[in-house]
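Engineer: Mind having a look at this structure? Questions to follow.
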Amino acid sequence: MDVMKNRVINLAIFAFMGLLSVSCTSMKNTILDAKDSIVTNVKKTFKGTKNSLVSITQKTAITRDDKDQDFLFAQHQFNRHEFSVSEFYLKKALANRPGDIRALRLLPWAYFFQKRFDKALIAFKHSHTFKKKDPVALIGMGWCYFSLKHYERALESFDRADRLMPGSYEVHKGRSFIYLEQKREDLAKQELSQIFNTRKMESVFKMWNEWTEENPDKVWEIVPSSADSTSIFTLPVEHPRYRSSLWGRPLNKEGAELDQAWKAYYEAKYKKAINMFEKLSLRKKPSLDAVNGLAWSLMKAKQINKSEEVFKEILELYPRFIGAIKGMNEIRQIKKHQAVYVQYYLDLGKYRLAKEKLDELLFRYENWAHPYNQHGKIYLAQKEYDLAKEYFLEALEQEPNNSVAKNGLEEILKAKDKYLYKADQALKRGDYKTAALIYYDYVQEDEDWPSDRFHAAHAYNGLGWSQFKKKQYRYAIEKFSKSVQHDDYKVDASKGLGLSLFAIKKFQEAVPFLETALLHDPGNKKLAYKLDWAILQSLGPGEAKAYFENIKNEHPLLASPYMALGWVHYRQGNPDLAIEYFLKAISLDPDFALIRDFIDLLSKQRFGWQVYNSLGWTYYHNEKNAKAMKMFQTSLEIQPNRSEARKGMGYLYFRLGNYGKAIQMFEQCLALNPTPNPVFELITGKNAIAPFKLQTTPRTKLGRIHLFNGDSQRAITYFSEELKEQPDQPSAYEGLGWAYLVQNRALEARAAFTMAIRLEPLNNSAQKGLRQAKQAIAEKRLGQKSASSALPPRTSLN
């Protein structure tokens, strides 16, 4: 039970971080001391808050409104750009409080930043009904209409927002891009001139021309896919403010003051900007815009340490905010430039001068591994290994995964003990026998264990891993039990102990060691899954169910709690409910499901073929074609007269371009089941305004194949048959449009493409087809007057 309680407390801490991120104290903790230190108070408060999380959480968990916590956690995840998780909790909040205006306003932005502009548009409209005079919803609607290529409606939305919020930056920006798309350059310049100077305006025009040059169907990025990608919401000319990327957060009441502070920054009046941003940041609810401006102003004023601390505080709460990411990158470049002289002296072998410069850098810049590494290299070259080791370890304190420091420590080991180094290298390359023999010599010499000898602990740990890799788990446990007592190997040996105990099914003993390892490597999914499985085997059914239900509620996108709950229900004699949990786990992570115990279970149960189909589809959607094919084939062997496995194999053959086998599988599928379930395929790249899932079926795939093979009439037959079964099938309408276009039936093609777009607005392939159909109609009409200007219609197949 103690294990369960500890894990629940950890989960509660994670949820409470959401509370911290949106409370007024969270940003207040990034405030600066105007006279003495910009960040000292922040660091003290922030550290104290983190250290007291457990006790605070235990008190708050009883009194806090769980329904409100859902929204606060959603807001926290939104700030971290975890938009899908934010969406989940916003929907959960609205299920409990349908009229929560905060959730209603944030949900459309969660959709928007996932590039699901069709859903965002619906959500913005819904939000707008609750507050008709809210310009934010209208601005969101404008950008959604623009993304979906409904330019007149977009313009109308921005105009309505302008009446409610005159002179809005975002309105001018939105209208300018609509006019650029409509090739109304004079109007675009008029709008851009309201927010940019001439140089920036010309830069926007140049960027737009590069985007659209010789490609009228090119899909532009509205919101960025990464911190490095260019998008309309993160224009290079907006560096470093990026105000469009702040949508979804509360509007700043001090907008005019912020604009003045940024104006001072852009005019290079950095001291003035610092004073203005400081005042804004010291208010009760400081905005991200103000704190970002402060960090950049400090950097430009050459207050690098203070700037870096503020950027780090921003990234604690907003880890993917482009302004702070680019700020940290620029600071690294500044430091790198300062280190050029050190490298110059090192290359000349002038170590005394290099040390003097390094000491200057250490005095000037805090929390930087590079000077420590350089000191380590100097002492390594001078064969002063103990001093070199101290500096490399200090570098790892600054940056735990610093490869230079790790390599430096390896070089020290190589110089001081070449045989121990040789053993480590053998272990790395998988030569476990050689590694074990060398390590064994060291542990034989160590008769007085426990010992403070570093080399003995190193050898015990290495020997443990050698034996673990050879599946000699009991011997490995013996060695790890010794090395875990040495501080330098506590974490690594705990991992070895946990995995070794797990391997011999001593699950309860494995739990604390796996917890220790996971605490120091929280992103290790395999460790997390093994820990959950060990806990499942250690608890009774009732305790396990309560524990994993709690994890499922806190981490709805994690596979292990669903798999564990499946086992709980299966063992309690409820296989129908168990299969539902198993299938959910598989959809989240199929590789996790394929453990030996689960495979043995499938071989005994009637639902095994269904599970293999589910595994096949999950692998298919993850583009792991070989694994998917194996799963479908296994399902077909268990149940030869089922259609689903044949459908899956048909989709795989289609993807691989083996159309003959695809046709065979699809026809067999339809013979067994004339109305198979549709498949939702992720469409990306040039055929998508934004990534979306398109509903397809075996008939639409057969239609595509015949279209690819030049048989447009047979393609039309299959698409038409599908529409008789499903009148709102978007893929069938799109395919029908292309087939009609091939046959020069432009009017029918236009109608089909229009319907495809209505059913799936993000389908850029249908948008291209509609444009070509309209062009063909126009050319035909012109051809009646001038035959010499006739052009053949162009076709495009996605």
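As shown in the structure tokens, the chain order sets the letters A, B, ...; within each chain, residues go from 1, and ligands are also counted from 1 in the order they appear.
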With only C-alpha atoms as the counted atoms, please give the residues lying no more than 9 Å from Ile304 in chain A, apart from itself and same-chain residues fewer than 5 positions off, as a list in words.
Structural biologist: Leu298, Met299, Glu309, Ile331, Ile334, Arg364 and Tyr365 of chain A
Engineer: Kindly assemble as a Markdown table a list of the range 264-382 of chain A residues that lie within 10 Å of range 235-249 of chain A, each paired with its nearest atom pair and their distance in Å to one decimal, using only C-alpha atoms, sorted first by chain and then by ascending residue number.
Structural biologist:
| residue | atom | partner | partner_atom | distance |
| --- | --- | --- | --- | --- |
| A:Tyr266 | CA | A:Pro240 | CA | 9.7 |
| A:Ser287 | CA | A:Arg249 | CA | 9.1 |
| A:Leu288 | CA | A:Leu246 | CA | 8.1 |
| A:Asp289 | CA | A:Arg241 | CA | 7.1 |
| A:Ala290 | CA | A:Arg241 | CA | 9.4 |
| A:Asn292 | CA | A:Arg241 | CA | 7.4 |
| A:Gly293 | CA | A:Arg241 | CA | 7.1 |
| A:Trp296 | CA | A:Pro240 | CA | 7.7 |
| A:Phe321 | CA | A:Ser245 | CA | 8.1 |
| A:Ile322 | CA | A:Tyr242 | CA | 7.7 |
| A:Gly323 | CA | A:Pro240 | CA | 5.5 |
| A:Ala324 | CA | A:Pro240 | CA | 8.6 |
| A:Lys326 | CA | A:Pro240 | CA | 7.8 |
| A:Gly327 | CA | A:Pro240 | CA | 8.0 |
Engineer: Which polymer residues have any atom within 12 Å of an atom of range 607-611 of chain A, counting only C-alpha atoms, with same-chain residues fewer than 6 positions away left out, as a ChimeraX atom specification?
Structural biologist: /A:575-587,590,593-594,598-601,617-618,631-645
Engineer: Write out as a PyMOL selection string which residues come within 12 Å of range 705-710 of chain A when counting only C-alpha atoms, dropping same-chain ones fewer than 2 positions away.
Structural biologist: chain A and resi 650-651+653-655+657-664+666+698-703+712-719+734-743+795-798
Engineer: So the first atom is CA of Ala154 in chain A and the second is CA of Leu180 in chain A; what is the distance between them in Å, to one decimal place?
Structural biologist: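 So the answer is 13.1 Å.
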Engineer: Neighbouring residues of range 752-759 of chain A were defined as those with any atom within 12 Å, considering only C-alpha atoms; residues of the same chain fewer than 2 positions away were excluded. Please report them as number ranges by chain.
Structural biologist: A: 118, 148-150, 688-689, 693-695, 716, 719-720, 723, 727-741, 745-750, 761-774
Engineer: Please return as number ranges by chain: the residues of range 182-250 of chain A that backbone DSSP assigns to helix (DSSP H, G or I).
Structural biologist: A: 185-192, 198-212, 236-238, 243-246
Engineer: Residues as selected, N, CA, C and O atoms, written as a short mmCIF file (atom, residue, chain, number, x, y, z; two decimals), in the first residue's frame, can you do that?
Structural biologist:
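To be explicit, this is the file written out as part_33.cif:
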data_model
loop_
_atom_site.label_atom_id
_atom_site.label_comp_id
_atom_site.auth_asym_id
_atom_site.auth_seq_id
_atom_site.Cartn_x
_atom_site.Cartn_y
_atom_site.Cartn_z
N GLU A 185 -2.79 43.82 -53.62
CA GLU A 185 -1.57 44.23 -52.93
C GLU A 185 -1.66 45.62 -52.32
O GLU A 185 -1.09 45.88 -51.26
N ASP A 186 -2.36 46.53 -52.96
CA ASP A 186 -2.47 47.89 -52.41
C ASP A 186 -3.19 47.87 -51.06
O ASP A 186 -2.76 48.54 -50.12
N LEU A 187 -4.26 47.07 -50.98
CA LEU A 187 -4.99 46.97 -49.71
C LEU A 187 -4.14 46.25 -48.65
O LEU A 187 -4.19 46.61 -47.47
N ALA A 188 -3.37 45.26 -49.09
CA ALA A 188 -2.49 44.55 -48.16
C ALA A 188 -1.45 45.50 -47.58
O ALA A 188 -1.18 45.51 -46.36
N LYS A 189 -0.87 46.35 -48.44
CA LYS A 189 0.12 47.32 -47.97
C LYS A 189 -0.51 48.31 -47.00
O LYS A 189 0.10 48.70 -46.00
N GLN A 190 -1.73 48.70 -47.29
CA GLN A 190 -2.43 49.64 -46.42
C GLN A 190 -2.61 49.06 -45.01
O GLN A 190 -2.42 49.76 -44.02
N GLU A 191 -2.95 47.77 -44.94
CA GLU A 191 -3.13 47.14 -43.64
C GLU A 191 -1.78 46.93 -42.93
O GLU A 191 -1.65 47.22 -41.74
N LEU A 192 -0.79 46.44 -43.67
CA LEU A 192 0.51 46.18 -43.06
C LEU A 192 1.19 47.45 -42.57
O LEU A 192 1.92 47.44 -41.58
N THR A 198 8.36 50.22 -43.20
CA THR A 198 8.52 49.88 -44.62
C THR A 198 9.41 48.65 -44.81
O THR A 198 9.10 47.76 -45.62
N ARG A 199 10.50 48.57 -44.05
CA ARG A 199 11.43 47.44 -44.20
C ARG A 199 10.74 46.12 -43.85
O ARG A 199 10.87 45.13 -44.57
N LYS A 200 10.00 46.10 -42.75
CA LYS A 200 9.32 44.88 -42.34
C LYS A 200 8.20 44.52 -43.31
O LYS A 200 7.96 43.33 -43.59
N MET A 201 7.53 45.54 -43.82
CA MET A 201 6.45 45.30 -44.77
C MET A 201 6.99 44.65 -46.04
O MET A 201 6.41 43.69 -46.57
N GLU A 202 8.12 45.13 -46.52
CA GLU A 202 8.74 44.54 -47.71
C GLU A 202 9.17 43.10 -47.44
O GLU A 202 9.09 42.24 -48.33
N SER A 203 9.62 42.85 -46.22
CA SER A 203 10.02 41.49 -45.86
C SER A 203 8.83 40.53 -45.90
O SER A 203 8.96 39.39 -46.35
N VAL A 204 7.66 41.01 -45.44
CA VAL A 204 6.45 40.17 -45.48
C VAL A 204 6.07 39.85 -46.92
O VAL A 204 5.74 38.71 -47.25
N PHE A 205 6.12 40.87 -47.80
CA PHE A 205 5.79 40.66 -49.21
C PHE A 205 6.75 39.66 -49.85
O PHE A 205 6.34 38.78 -50.62
N LYS A 206 8.03 39.79 -49.54
CA LYS A 206 9.02 38.87 -50.09
C LYS A 206 8.76 37.43 -49.64
O LYS A 206 8.80 36.49 -50.44
N MET A 207 8.46 37.28 -48.34
CA MET A 207 8.19 35.95 -47.81
C MET A 207 6.95 35.34 -48.47
O MET A 207 6.94 34.17 -48.84
N TRP A 208 5.90 36.16 -48.62
CA TRP A 208 4.67 35.66 -49.23
C TRP A 208 4.90 35.22 -50.67
O TRP A 208 4.40 34.17 -51.11
N ASN A 209 5.66 36.01 -51.41
CA ASN A 209 5.94 35.66 -52.82
C ASN A 209 6.74 34.36 -52.91
O ASN A 209 6.53 33.57 -53.83
N GLU A 210 7.65 34.15 -51.98
CA GLU A 210 8.42 32.91 -51.97
C GLU A 210 7.52 31.72 -51.66
O GLU A 210 7.69 30.62 -52.20
N TRP A 211 6.57 31.91 -50.77
CA TRP A 211 5.64 30.83 -50.41
C TRP A 211 4.76 30.43 -51.59
O TRP A 211 4.49 29.25 -51.80
N THR A 212 4.29 31.42 -52.33
CA THR A 212 3.26 31.14 -53.34
C THR A 212 3.80 31.06 -54.76
O THR A 212 3.05 30.78 -55.69
N PRO A 236 9.03 36.19 -39.10
CA PRO A 236 10.37 36.66 -38.71
C PRO A 236 10.40 38.14 -38.33
O PRO A 236 11.17 38.53 -37.45
N VAL A 237 9.55 38.95 -38.99
CA VAL A 237 9.55 40.39 -38.68
C VAL A 237 8.96 40.67 -37.31
O VAL A 237 9.09 41.79 -36.80
N GLU A 238 8.31 39.69 -36.69
CA GLU A 238 7.73 39.89 -35.36
C GLU A 238 8.70 39.50 -34.24
O GLU A 238 8.36 39.62 -33.07
N ARG A 243 3.58 38.14 -30.93
CA ARG A 243 2.36 38.35 -30.16
C ARG A 243 1.20 37.45 -30.60
O ARG A 243 0.35 37.09 -29.79
N SER A 244 1.18 37.02 -31.88
CA SER A 244 0.10 36.13 -32.32
C SER A 244 0.16 34.78 -31.61
O SER A 244 -0.87 34.13 -31.40
N SER A 245 1.36 34.35 -31.24
CA SER A 245 1.50 33.04 -30.58
C SER A 245 0.95 33.05 -29.16
O SER A 245 0.86 32.00 -28.52
N LEU A 246 0.57 34.23 -28.65
CA LEU A 246 0.06 34.34 -27.29
C LEU A 246 -1.45 34.18 -27.21
O LEU A 246 -2.03 34.24 -26.12
#
